[in-house]
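What follows is entry33.cif (mmCIF, C-alpha atoms and all ligand atoms).
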```cif
data_entry
#
loop_
_atom_site.label_atom_id
_atom_site.label_comp_id
_atom_site.auth_asym_id
_atom_site.auth_seq_id
_atom_site.Cartn_x
_atom_site.Cartn_y
_atom_site.Cartn_z
CA MET A 1 155.47 -11.09 -57.73
CA THR A 2 153.96 -14.05 -59.54
CA GLU A 3 153.90 -16.61 -56.76
CA ALA A 4 154.67 -16.51 -53.03
CA PHE A 5 157.42 -19.02 -52.31
CA PHE A 6 157.73 -17.73 -48.75
CA PRO A 7 154.02 -17.31 -48.00
CA ASP A 8 154.45 -16.99 -44.23
CA ILE A 9 157.21 -14.43 -44.33
CA PRO A 10 156.26 -10.74 -44.47
CA LYS A 11 158.37 -8.00 -45.97
CA ILE A 12 160.93 -7.35 -43.24
CA GLN A 13 160.51 -3.87 -41.72
CA TYR A 14 162.46 -1.85 -39.19
CA GLU A 15 160.66 -1.93 -35.83
CA GLY A 16 163.40 -0.68 -33.51
CA PRO A 17 165.35 -2.22 -30.61
CA GLN A 18 162.25 -2.81 -28.48
CA SER A 19 160.60 -5.09 -31.04
CA ARG A 20 160.35 -8.80 -30.26
CA ASN A 21 159.22 -9.72 -33.77
CA PRO A 22 161.76 -12.21 -35.18
CA PHE A 23 160.86 -11.06 -38.71
CA ALA A 24 161.73 -7.41 -38.10
CA PHE A 25 164.93 -5.38 -38.04
CA LYS A 26 165.86 -4.05 -34.62
CA HIS A 27 168.81 -1.90 -35.76
CA TYR A 28 169.01 -1.91 -39.55
CA ASN A 29 166.92 1.01 -40.70
CA ALA A 30 167.60 1.34 -44.44
CA ASP A 31 166.86 5.08 -44.67
CA GLU A 32 168.46 6.17 -41.40
CA VAL A 33 171.33 8.56 -42.05
CA VAL A 34 174.72 7.95 -40.42
CA GLU A 35 177.65 10.21 -41.31
CA GLY A 36 175.72 11.74 -44.19
CA LYS A 37 174.63 8.54 -45.93
CA THR A 38 171.75 6.14 -45.41
CA MET A 39 172.47 2.75 -43.93
CA SER A 40 171.58 1.03 -47.17
CA GLU A 41 174.08 3.25 -49.01
CA HIS A 42 176.80 2.44 -46.50
CA PHE A 43 176.37 -1.33 -46.56
CA ARG A 44 175.27 -2.20 -50.09
CA PHE A 45 174.16 -5.58 -48.72
CA SER A 46 174.34 -8.47 -51.15
CA ALA A 47 172.95 -12.01 -50.98
CA ALA A 48 174.97 -14.96 -52.30
CA TYR A 49 173.01 -17.03 -54.81
CA TRP A 50 175.09 -20.10 -53.98
CA HIS A 51 174.12 -20.05 -50.33
CA VAL A 52 170.53 -18.81 -50.52
CA MET A 53 169.45 -20.93 -53.48
CA ARG A 54 171.93 -23.76 -53.84
CA ASN A 55 173.32 -24.65 -50.45
CA GLU A 56 171.57 -27.78 -49.29
CA LEU A 57 173.48 -27.64 -45.97
CA GLY A 58 175.44 -30.84 -46.28
CA ASP A 59 178.60 -31.31 -44.21
CA PRO A 60 181.49 -33.81 -44.39
CA PHE A 61 179.42 -36.29 -42.35
CA GLY A 62 176.04 -36.09 -43.98
CA PRO A 63 173.90 -34.85 -46.84
CA GLY A 64 171.93 -31.64 -47.02
CA THR A 65 168.95 -30.98 -44.81
CA ALA A 66 167.59 -27.77 -46.34
CA LEU A 67 163.92 -27.73 -47.24
CA MET A 68 163.50 -26.20 -50.70
CA PRO A 69 159.96 -27.00 -51.74
CA TRP A 70 160.33 -24.89 -54.90
CA ASP A 71 163.27 -26.91 -56.21
CA ASP A 72 162.72 -30.20 -58.10
CA ARG A 73 166.47 -30.98 -57.71
CA SER A 74 166.81 -31.51 -61.45
CA ASP A 75 169.43 -30.01 -63.76
CA SER A 76 166.76 -28.58 -66.02
CA VAL A 77 166.86 -25.02 -67.22
CA GLU A 78 163.23 -24.76 -66.15
CA ASN A 79 164.18 -25.47 -62.54
CA ALA A 80 166.99 -22.91 -62.80
CA LEU A 81 164.57 -20.30 -64.16
CA ASN A 82 162.10 -21.01 -61.38
CA ARG A 83 164.81 -20.44 -58.76
CA VAL A 84 165.26 -16.91 -60.08
CA ASP A 85 161.70 -16.07 -59.01
CA VAL A 86 162.32 -17.54 -55.57
CA PHE A 87 165.57 -15.62 -55.17
CA PHE A 88 164.08 -12.27 -56.16
CA GLU A 89 161.19 -12.79 -53.75
CA PHE A 90 163.83 -13.34 -51.07
CA LEU A 91 165.66 -10.12 -52.07
CA GLU A 92 162.41 -8.16 -52.06
CA LYS A 93 161.33 -9.42 -48.65
CA THR A 94 164.71 -8.84 -46.98
CA GLY A 95 165.29 -5.49 -48.68
CA ILE A 96 168.71 -6.65 -49.91
CA ASP A 97 169.56 -4.64 -53.03
CA TYR A 98 172.51 -6.58 -54.49
CA TYR A 99 173.45 -10.17 -55.20
CA ALA A 100 176.40 -12.27 -56.33
CA PHE A 101 176.58 -15.57 -58.22
CA HIS A 102 178.78 -18.19 -59.84
CA ASP A 103 177.82 -19.28 -63.36
CA ARG A 104 176.97 -22.76 -62.08
CA ASP A 105 174.77 -21.50 -59.23
CA VAL A 106 172.32 -19.83 -61.54
CA ALA A 107 172.46 -22.31 -64.43
CA PRO A 108 173.26 -26.03 -64.63
CA GLU A 109 176.49 -27.50 -65.93
CA LEU A 110 175.29 -29.74 -68.77
CA GLY A 111 176.92 -32.42 -70.94
CA THR A 112 178.91 -30.04 -73.13
CA LEU A 113 180.36 -26.56 -72.70
CA SER A 114 178.13 -25.19 -75.41
CA LYS A 115 174.99 -26.56 -73.74
CA SER A 116 176.12 -25.09 -70.43
CA ASN A 117 176.75 -21.73 -72.12
CA ASP A 118 173.25 -21.80 -73.66
CA ALA A 119 171.67 -22.58 -70.30
CA LEU A 120 173.57 -19.72 -68.68
CA ALA A 121 172.47 -17.31 -71.39
CA GLN A 122 168.82 -18.28 -70.87
CA VAL A 123 168.97 -17.75 -67.12
CA VAL A 124 170.85 -14.47 -67.57
CA ASP A 125 167.97 -13.19 -69.72
CA LYS A 126 165.60 -13.89 -66.88
CA LEU A 127 167.92 -12.34 -64.28
CA ALA A 128 168.08 -9.23 -66.46
CA ALA A 129 164.29 -9.05 -66.60
CA LYS A 130 163.96 -9.47 -62.83
CA GLN A 131 166.61 -6.81 -62.18
CA GLN A 132 164.69 -4.48 -64.47
CA GLU A 133 161.44 -5.21 -62.65
CA THR A 134 162.81 -4.83 -59.11
CA GLY A 135 165.80 -2.47 -59.36
CA LYS A 136 168.09 -5.07 -57.75
CA GLN A 137 171.71 -5.04 -58.95
CA LEU A 138 174.47 -7.55 -59.47
CA LEU A 139 177.37 -6.78 -57.07
CA TRP A 140 179.61 -9.29 -58.80
CA GLY A 141 179.61 -12.40 -60.90
CA THR A 142 182.15 -15.20 -61.01
CA ALA A 143 182.86 -18.57 -62.58
CA CYS A 144 182.91 -21.78 -60.58
CA LEU A 145 186.36 -23.18 -61.39
CA PHE A 146 186.57 -25.56 -58.47
CA ALA A 147 183.60 -27.96 -58.27
CA HIS A 148 183.84 -30.05 -61.45
CA PRO A 149 186.35 -32.94 -61.38
CA ARG A 150 188.20 -31.43 -64.38
CA TYR A 151 189.45 -28.78 -61.96
CA ALA A 152 190.61 -31.23 -59.32
CA GLN A 153 194.25 -30.30 -60.05
CA GLY A 154 193.62 -26.62 -60.64
CA ALA A 155 192.00 -24.40 -63.26
CA GLY A 156 194.38 -21.59 -64.26
CA THR A 157 197.13 -23.53 -62.50
CA SER A 158 196.21 -26.94 -63.87
CA PRO A 159 199.17 -28.82 -65.37
CA TYR A 160 196.91 -29.55 -68.36
CA ALA A 161 196.47 -26.93 -71.09
CA ASP A 162 193.00 -28.12 -72.12
CA VAL A 163 191.78 -27.54 -68.57
CA PHE A 164 193.31 -24.05 -68.66
CA ALA A 165 191.39 -23.41 -71.89
CA TYR A 166 188.15 -24.70 -70.36
CA ALA A 167 188.62 -22.36 -67.39
CA ALA A 168 189.25 -19.47 -69.79
CA ALA A 169 186.05 -20.33 -71.66
CA GLN A 170 184.04 -20.33 -68.44
CA ILE A 171 185.55 -17.01 -67.40
CA LYS A 172 184.69 -15.52 -70.79
CA ALA A 173 181.06 -16.62 -70.52
CA ALA A 174 180.79 -15.47 -66.90
CA ILE A 175 182.25 -12.03 -67.72
CA ASP A 176 179.81 -11.79 -70.65
CA ALA A 177 176.94 -12.63 -68.27
CA THR A 178 178.14 -10.13 -65.66
CA HIS A 179 178.55 -7.45 -68.32
CA LYS A 180 175.07 -8.09 -69.69
CA LEU A 181 173.61 -7.76 -66.20
CA GLY A 182 175.43 -4.47 -65.56
CA GLY A 183 177.43 -6.14 -62.80
CA LEU A 184 179.50 -3.78 -60.67
CA GLY A 185 182.31 -6.26 -60.32
CA TYR A 186 183.72 -9.66 -61.16
CA THR A 187 185.53 -11.86 -58.62
CA PHE A 188 188.32 -14.39 -59.05
CA TRP A 189 188.56 -16.87 -56.22
CA GLY A 190 191.20 -19.52 -56.84
CA GLY A 191 189.55 -22.39 -55.04
CA ARG A 192 191.85 -25.00 -56.61
CA GLU A 193 194.70 -22.66 -57.54
CA GLY A 194 197.37 -24.06 -55.28
CA TYR A 195 198.78 -27.46 -54.57
CA ALA A 196 198.36 -30.59 -52.50
CA THR A 197 202.07 -31.46 -52.64
CA LEU A 198 205.13 -29.72 -54.05
CA TRP A 199 206.51 -33.10 -55.19
CA ASN A 200 204.29 -32.94 -58.29
CA THR A 201 204.15 -29.16 -58.69
CA ASP A 202 206.05 -26.58 -60.74
CA MET A 203 205.09 -23.56 -58.65
CA LYS A 204 206.85 -21.01 -60.84
CA ARG A 205 205.06 -22.17 -63.96
CA GLU A 206 201.71 -22.38 -62.22
CA LEU A 207 201.98 -18.80 -60.92
CA GLU A 208 202.93 -17.58 -64.39
CA HIS A 209 199.92 -19.37 -65.86
CA LEU A 210 197.58 -17.88 -63.28
CA ALA A 211 198.90 -14.40 -64.04
CA LYS A 212 198.49 -15.10 -67.76
CA LEU A 213 194.86 -16.05 -67.24
CA LEU A 214 194.17 -12.85 -65.32
CA HIS A 215 195.88 -10.77 -68.00
CA LEU A 216 193.73 -12.46 -70.64
CA ALA A 217 190.64 -11.58 -68.61
CA VAL A 218 191.78 -7.95 -68.32
CA ASP A 219 192.35 -7.80 -72.08
CA TYR A 220 188.91 -9.28 -72.73
CA LYS A 221 187.23 -6.92 -70.28
CA GLN A 222 188.75 -3.95 -72.08
CA LYS A 223 187.85 -5.36 -75.47
CA ILE A 224 184.15 -5.69 -74.66
CA GLY A 225 183.99 -2.48 -72.61
CA PHE A 226 183.08 -4.13 -69.31
CA GLU A 227 183.66 -1.45 -66.67
CA GLY A 228 183.06 -3.49 -63.51
CA GLN A 229 185.85 -3.86 -60.96
CA PHE A 230 187.91 -7.06 -60.95
CA TYR A 231 188.52 -8.57 -57.51
CA ILE A 232 190.78 -11.30 -56.16
CA GLU A 233 189.57 -13.06 -53.03
CA PRO A 234 192.27 -14.42 -50.73
CA LYS A 235 191.96 -17.74 -48.92
CA PRO A 236 194.86 -19.78 -47.55
CA ARG A 237 193.79 -23.38 -47.94
CA GLU A 238 190.86 -25.74 -48.07
CA PRO A 239 190.34 -27.52 -50.33
CA SER A 240 194.01 -27.35 -51.33
CA THR A 241 196.87 -27.64 -48.86
CA HIS A 242 198.07 -24.22 -49.97
CA GLN A 243 196.28 -21.71 -52.17
CA TYR A 244 198.43 -19.18 -53.98
CA ASP A 245 196.09 -16.32 -53.06
CA SER A 246 196.62 -17.17 -49.41
CA ASP A 247 196.06 -13.77 -47.82
CA ALA A 248 195.84 -10.08 -48.72
CA ALA A 249 199.61 -9.55 -48.60
CA ALA A 250 200.28 -12.58 -50.83
CA CYS A 251 197.65 -11.40 -53.33
CA LEU A 252 199.05 -7.89 -53.44
CA ASN A 253 202.55 -9.25 -54.00
CA PHE A 254 201.31 -11.52 -56.79
CA LEU A 255 199.44 -8.67 -58.47
CA ARG A 256 202.49 -6.43 -58.21
CA GLU A 257 204.92 -9.08 -59.46
CA PHE A 258 202.84 -9.76 -62.54
CA ASP A 259 201.87 -6.17 -63.28
CA LEU A 260 198.19 -6.61 -62.47
CA LEU A 261 197.83 -4.21 -59.54
CA ASP A 262 196.11 -1.49 -61.56
CA HIS A 263 193.37 -3.88 -62.65
CA PHE A 264 192.39 -5.61 -59.40
CA LYS A 265 191.15 -4.87 -55.93
CA LEU A 266 190.64 -7.37 -53.15
CA ASN A 267 187.43 -8.98 -51.93
CA ILE A 268 188.13 -9.79 -48.29
CA GLU A 269 186.22 -12.52 -46.49
CA ALA A 270 186.23 -12.73 -42.69
CA ASN A 271 186.39 -16.52 -42.45
CA HIS A 272 189.29 -16.65 -44.92
CA ALA A 273 191.15 -14.04 -42.88
CA THR A 274 190.95 -16.17 -39.74
CA LEU A 275 191.86 -19.34 -41.65
CA ALA A 276 194.99 -17.45 -42.77
CA GLY A 277 195.83 -16.81 -39.12
CA HIS A 278 194.87 -13.14 -39.28
CA SER A 279 192.00 -11.11 -37.93
CA MET A 280 189.50 -9.64 -40.39
CA TYR A 281 190.66 -6.21 -39.19
CA HIS A 282 194.22 -7.10 -40.20
CA GLU A 283 193.25 -8.22 -43.71
CA LEU A 284 191.09 -5.14 -44.24
CA THR A 285 193.83 -2.85 -42.98
CA VAL A 286 196.44 -4.44 -45.26
CA SER A 287 194.10 -4.05 -48.26
CA ALA A 288 192.99 -0.52 -47.45
CA ALA A 289 196.58 0.64 -46.86
CA ALA A 290 197.39 -0.49 -50.40
CA GLY A 291 194.34 1.34 -51.76
CA ALA A 292 193.02 -2.06 -52.80
CA LEU A 293 190.07 -2.79 -50.53
CA GLY A 294 187.27 -3.34 -53.01
CA SER A 295 184.55 -5.45 -51.46
CA ILE A 296 183.79 -7.63 -48.45
CA ASP A 297 182.40 -11.13 -48.03
CA ALA A 298 180.63 -10.74 -44.71
CA ASN A 299 180.70 -13.88 -42.59
CA ARG A 300 182.67 -15.38 -39.73
CA GLY A 301 184.32 -18.64 -38.76
CA ASP A 302 184.21 -20.59 -35.54
CA GLU A 303 187.31 -20.77 -33.35
CA LEU A 304 186.30 -24.19 -32.09
CA ILE A 305 185.74 -25.76 -35.51
CA GLY A 306 188.63 -24.29 -37.47
CA TRP A 307 187.38 -24.69 -41.03
CA ASP A 308 185.45 -22.51 -43.43
CA THR A 309 182.10 -22.56 -41.66
CA ASP A 310 180.80 -19.43 -43.40
CA GLN A 311 178.61 -18.42 -40.48
CA PHE A 312 176.56 -15.26 -40.47
CA PRO A 313 178.46 -12.17 -39.26
CA THR A 314 176.85 -11.65 -35.86
CA ASP A 315 179.97 -10.54 -34.01
CA ILE A 316 179.44 -6.86 -33.24
CA TYR A 317 183.05 -6.22 -32.25
CA THR A 318 184.33 -7.45 -35.64
CA ASN A 319 181.57 -5.63 -37.49
CA THR A 320 182.63 -2.42 -35.73
CA GLU A 321 186.19 -2.93 -36.97
CA VAL A 322 184.91 -3.63 -40.47
CA MET A 323 182.78 -0.49 -40.54
CA LEU A 324 185.60 1.64 -39.08
CA THR A 325 187.74 0.54 -42.01
CA VAL A 326 184.97 1.13 -44.55
CA LEU A 327 184.15 4.59 -43.14
CA GLY A 328 187.87 5.34 -42.95
CA MET A 329 188.32 4.75 -46.66
CA GLY A 330 185.30 6.90 -47.50
CA GLY A 331 182.88 4.02 -48.12
CA PHE A 332 182.48 1.44 -50.86
CA THR A 333 182.63 2.51 -54.49
CA THR A 334 181.94 -0.64 -56.53
CA GLY A 335 181.88 -3.09 -53.63
CA GLY A 336 179.52 -3.94 -50.81
CA LEU A 337 178.88 -6.36 -47.97
CA ASN A 338 178.12 -9.70 -49.55
CA PHE A 339 176.69 -12.31 -47.19
CA ASP A 340 178.85 -15.24 -48.21
CA ALA A 341 177.28 -17.09 -45.31
CA LYS A 342 175.14 -20.12 -44.78
CA ARG A 343 172.78 -21.36 -42.12
CA ARG A 344 173.81 -24.20 -39.83
CA ARG A 345 172.78 -27.66 -40.99
CA GLU A 346 170.27 -27.72 -38.14
CA SER A 347 168.58 -24.54 -39.44
CA HIS A 348 166.95 -26.22 -42.40
CA GLU A 349 163.65 -24.37 -42.79
CA PRO A 350 163.16 -21.57 -45.35
CA ALA A 351 162.38 -19.17 -42.48
CA ASP A 352 165.97 -19.63 -41.26
CA LEU A 353 167.23 -17.93 -44.43
CA PHE A 354 165.44 -14.83 -43.19
CA HIS A 355 166.55 -15.07 -39.55
CA ALA A 356 170.14 -15.45 -40.76
CA HIS A 357 170.17 -12.41 -43.03
CA ILE A 358 168.16 -10.25 -40.60
CA GLY A 359 170.74 -11.05 -37.93
CA GLY A 360 173.67 -10.15 -40.18
CA MET A 361 172.07 -6.87 -41.24
CA ASP A 362 171.19 -5.88 -37.68
CA ALA A 363 174.66 -6.77 -36.41
CA PHE A 364 176.21 -4.61 -39.15
CA ALA A 365 173.86 -1.74 -38.31
CA ARG A 366 175.20 -1.86 -34.78
CA GLY A 367 178.76 -2.05 -36.06
CA LEU A 368 178.16 1.04 -38.19
CA LYS A 369 176.61 3.04 -35.37
CA ILE A 370 179.41 2.12 -32.98
CA ALA A 371 182.08 2.91 -35.58
CA ALA A 372 180.47 6.29 -36.27
CA ALA A 373 180.25 6.99 -32.52
CA LEU A 374 183.93 6.14 -32.08
CA ARG A 375 184.84 8.47 -34.91
CA ALA A 376 182.72 11.28 -33.40
CA ASP A 377 184.27 10.62 -30.00
CA GLY A 378 187.70 11.01 -31.58
CA ARG A 379 189.82 9.86 -28.64
CA VAL A 380 191.14 6.71 -30.30
CA GLU A 381 191.94 8.46 -33.56
CA GLU A 382 193.63 11.32 -31.70
CA PHE A 383 195.69 8.88 -29.65
CA VAL A 384 196.98 7.18 -32.80
CA LYS A 385 197.73 10.53 -34.41
CA GLN A 386 199.66 11.71 -31.36
CA ARG A 387 201.55 8.44 -31.18
CA TYR A 388 203.25 9.26 -34.49
CA ALA A 389 203.56 13.02 -33.91
CA SER A 390 207.38 12.84 -33.76
CA PHE A 391 207.28 12.19 -37.51
CA ASP A 392 205.42 15.47 -38.11
CA SER A 393 208.47 17.71 -37.62
CA GLY A 394 212.23 17.61 -37.15
CA ILE A 395 214.12 14.41 -37.86
CA GLY A 396 210.88 12.38 -38.22
CA ALA A 397 209.58 14.66 -40.96
CA ASP A 398 212.95 14.32 -42.70
CA VAL A 399 212.53 10.52 -42.64
CA GLU A 400 209.08 10.73 -44.18
CA SER A 401 210.05 13.29 -46.82
CA GLY A 402 213.18 11.38 -47.81
CA ALA A 403 215.53 14.17 -46.70
CA ALA A 404 217.14 12.07 -43.97
CA THR A 405 220.34 10.05 -44.53
CA LEU A 406 221.72 7.18 -42.50
CA GLU A 407 224.65 9.38 -41.42
CA GLY A 408 222.31 12.20 -40.42
CA LEU A 409 220.19 9.82 -38.35
CA SER A 410 223.32 8.44 -36.75
CA ASN A 411 224.47 11.95 -35.79
CA HIS A 412 221.01 12.68 -34.40
CA ALA A 413 221.00 9.49 -32.31
CA LEU A 414 224.54 10.21 -31.03
CA SER A 415 223.47 13.69 -29.91
CA GLN A 416 220.35 12.52 -28.05
CA PRO A 417 219.90 10.82 -24.67
CA GLU A 418 218.42 7.27 -24.69
CA PRO A 419 214.84 7.58 -26.06
CA VAL A 420 212.11 7.32 -23.42
CA ILE A 421 208.93 5.96 -24.99
CA PRO A 422 205.37 6.50 -23.74
CA SER A 423 202.82 3.72 -23.13
CA GLY A 424 200.93 2.15 -26.04
CA ARG A 425 197.79 2.27 -23.82
CA GLN A 426 196.16 -0.79 -25.37
CA GLU A 427 193.90 -1.43 -22.37
CA MET A 428 192.80 2.19 -22.13
CA LEU A 429 191.89 2.16 -25.83
CA GLU A 430 189.99 -1.11 -25.48
CA ASN A 431 188.07 0.47 -22.61
CA ILE A 432 187.05 3.35 -24.88
CA ILE A 433 185.80 0.88 -27.54
CA ASN A 434 183.78 -0.92 -24.87
CA GLU A 435 182.24 2.36 -23.69
CA HIS A 436 180.49 2.47 -27.05
CA LEU A 437 179.45 -1.17 -27.40
C1 LIG B 501 184.69 -20.06 -50.97
C2 LIG B 501 184.64 -18.70 -51.48
C3 LIG B 501 183.76 -18.50 -52.71
C4 LIG B 501 184.00 -17.17 -53.37
C5 LIG B 501 183.43 -17.06 -54.74
O1 LIG B 501 185.21 -20.33 -49.88
O2 LIG B 501 184.26 -17.86 -50.44
O3 LIG B 501 182.43 -18.66 -52.38
O4 LIG B 501 183.52 -16.11 -52.61
O5 LIG B 501 183.90 -18.06 -55.57
CA CA B 502 183.79 -15.69 -50.41
CA CA B 503 184.26 -19.07 -47.11
#
```

Translate the structure described by the file into structure tokens.
Amino acid sequence: MTEAFFPDIPKIQYEGPQSRNPFAFKHYNADEVVEGKTMSEHFRFSAAYWHVMRNELGDPFGPGTALMPWDDRSDSVENALNRVDVFFEFLEKTGIDYYAFHDRDVAPELGTLSKSNDALAQVVDKLAAKQQETGKQLLWGTACLFAHPRYAQGAGTSPYADVFAYAAAQIKAAIDATHKLGGLGYTFWGGREGYATLWNTDMKRELEHLAKLLHLAVDYKQKIGFEGQFYIEPKPREPSTHQYDSDAAACLNFLREFDLLDHFKLNIEANHATLAGHSMYHELTVSAAAGALGSIDANRGDELIGWDTDQFPTDIYTNTEVMLTVLGMGGFTTGGLNFDAKRRRESHEPADLFHAHIGGMDAFARGLKIAAALRADGRVEEFVKQRYASFDSGIGADVESGAATLEGLSNHALSQPEPVIPSGRQEMLENIINEHL
């Protein structure tokens, strides 16, 4: 480490639940084994470059408050290179092994595309060197196709072909960067891919264009031999009135309609799930059932605010549901838990970056332990299994195997008394969950 940008912050260690040290983990113990894997292997925690390094904590009513003494606020490549040192010190001190970035988080957008590409390439060289030095890995890269005014009316769904081409160019450079850094994945989040009003929108054409762009990216990925996983990240709205990738089900339908399902998995974010009117558990279950749950953006929203607040995931109940789903699918392969989360505007000191991530990691450690305990307990799982037992034999098994016909089912129903159904036992099951909290 060349310089200490966080001189007062120690390397965060596990001290156990009794500790009162705010710069220690109380539950996240990287090497502790749960269900045969260490905690760090289960979670694959990732830090978001855009929040840790670039989020100045502005809100719709006022500018940023974040203190970033290392940042001269200029668009220079030098400033961008310096941030890399700061970020890797942060990763080292928190013990977070992965990270994620947009092209424009790590390097500035300059006057021309070619200057921006050069700047990105320079920063990527430094990121590669730091990864080499520290063993940290890139969970996924992405291109920012939503901030610049050229994308105000969409990127892949812009009505203007030159904007589509610009987006394609940025995706190409961002995939190149991700490939060079050995990235495990690449995410597409369609921040402006939607509409503000249908009165000026040809939805059919826009969807076809978006699919075309994704196919071009798949072709390019195969051409250069990039083996990372492609993800789509659903979000229903904000900034647009409606985003085409509105939730997991809409994304899966889009991927299926345009023959892209084999090439993409989903990156599910908790705050986007709730904005879509679903629980995180719902979105994860939809994705996992389709074999398409790839990665997770770990955060939460606020019921009282109702927009994308990207708060740190401190809700242990939700984290338990998340980890039950992750354990249930046998763990992450390419994905991980990426903290797409920011501090509150009032938490403006560098130390708050640490409190925030420590809290998220500890809350996930508890979620994992509770999920593992529920699985060992087995009562909930057994209840669900028994609830569907009538499909294991007889007429139910015929339905599942495809042997049943509508006439056969009709004859069965005619021969039976009125079905008497048992209780769904929701409250009893919730009591079992609470026994473990
Ligand atoms: C914004 C999204 C974005 C994606 C990556 O709401 O969460 O940050 O994760 O572009
Ligand atoms: Ca996200
Ligand atoms: Ca978000």

Around all of ligand LIG 501 (chain B)'s listed atoms, make the axis-aligned box with 6 Å on each side and tell me centre and edge lengths in Å to one decimal, as AutoDock Vina command-line options.
```
--center_x 183.8 --center_y -18.2 --center_z -52.7 --size_x 14.8 --size_y 16.2 --size_z 17.7
```

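Taking CA of Glu133 in chain A and CA of Ser116 in chain A as endpoints, the distance between them is 25.9 Å.
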
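When all atoms listed in the file are used to measure the gap to Thr65 in chain A, the shortest distance among A:Asp105, A:His278, A:Ser347, A:Gly111 belongs to A:Ser347.
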
TODO: Rank nothing, just name the residue among A:Ala147, A:Ala48, A:Ala372, A:Leu304 nearest to ligand CA 502 (chain B), using only C-alpha atoms and all ligand atoms.
DONE: A:Ala48

TODO: Could you tell me, counting all atoms listed in the file, which protein and nucleic acid residues lie no more than 9 Å from ligand LIG 501 (chain B), written as a PyMOL selection string?
DONE: chain A and resi 48+50-51+100-102+141-146+187-191+233-235+238-239+267-269+271-272+297+308+310+338+340-341

Task: Interatomic distance (Å, one decimal) between CA of Asp302 in chain A and CA of Leu275 in chain A - done: 9.9 Å

TODO: Skip Val124 in chain A itself and residues of its chain fewer than 3 positions away, then list as an MDAnalysis selection string all residues within 12 Å of it, counting all atoms listed in the file.
DONE: chainID A and resid 77 80:81 84 101:107 117:121 127:131 138 141 173:183

TODO: May I ask which of the residues A:Ala273, A:Ala288, A:Leu327, A:Leu429 is the closest one to ligand CA 503 (chain B), counting all atoms listed in the file?
DONE: A:Ala273

Open item on the list: Set the distance at 12 Å and use only C-alpha atoms: which residues neighbour Lys11 in chain A once local chain neighbours fewer than 6 positions away are removed? I'd like the list as a PyMOL selection string.
Closed with: chain A and resi 4+23-25+89-96+354+358

- [ ] In Å, rounded to a single decimal, give me how far atom CA of ligand CA 503 (chain B) is from CA of Pro313 in chain A.
- [x] 12.0 Å

Task: Of the listed residues A:Glu435, A:Ile395, A:Val326, A:Phe339, that which approaches ligand CA 502 (chain B) most closely, counting only C-alpha atoms and all ligand atoms - done: A:Phe339

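When only C-alpha atoms and all ligand atoms are used to compute distances to ligand CA 502 (chain B), the closest of the residues A:Ala270, A:Ala363, A:Val163, A:Ile421 turns out to be A:Ala270.
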
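Proximity ranking of A:Ser415, A:Ser390, A:Ser74, A:Gln311 relative to ligand CA 502 (chain B) places A:Gln311 first, based on only C-alpha atoms and all ligand atoms.
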
Task: Contacts of Leu214 in chain A at 9 Å (all atoms listed in the file; same-chain gap of 5+ positions) as a PyMOL selection string - done: chain A and resi 156+188+209+219+260

Open item on the list: List as a PyMOL selection string the protein and nucleic acid residues near Thr274 in chain A, meaning an atom at most 10 Å away when all atoms listed in the file are counted, but skip any in the same chain fewer than 6 places from it.
Closed with: chain A and resi 235-236+247+280-283+300-303+306-308
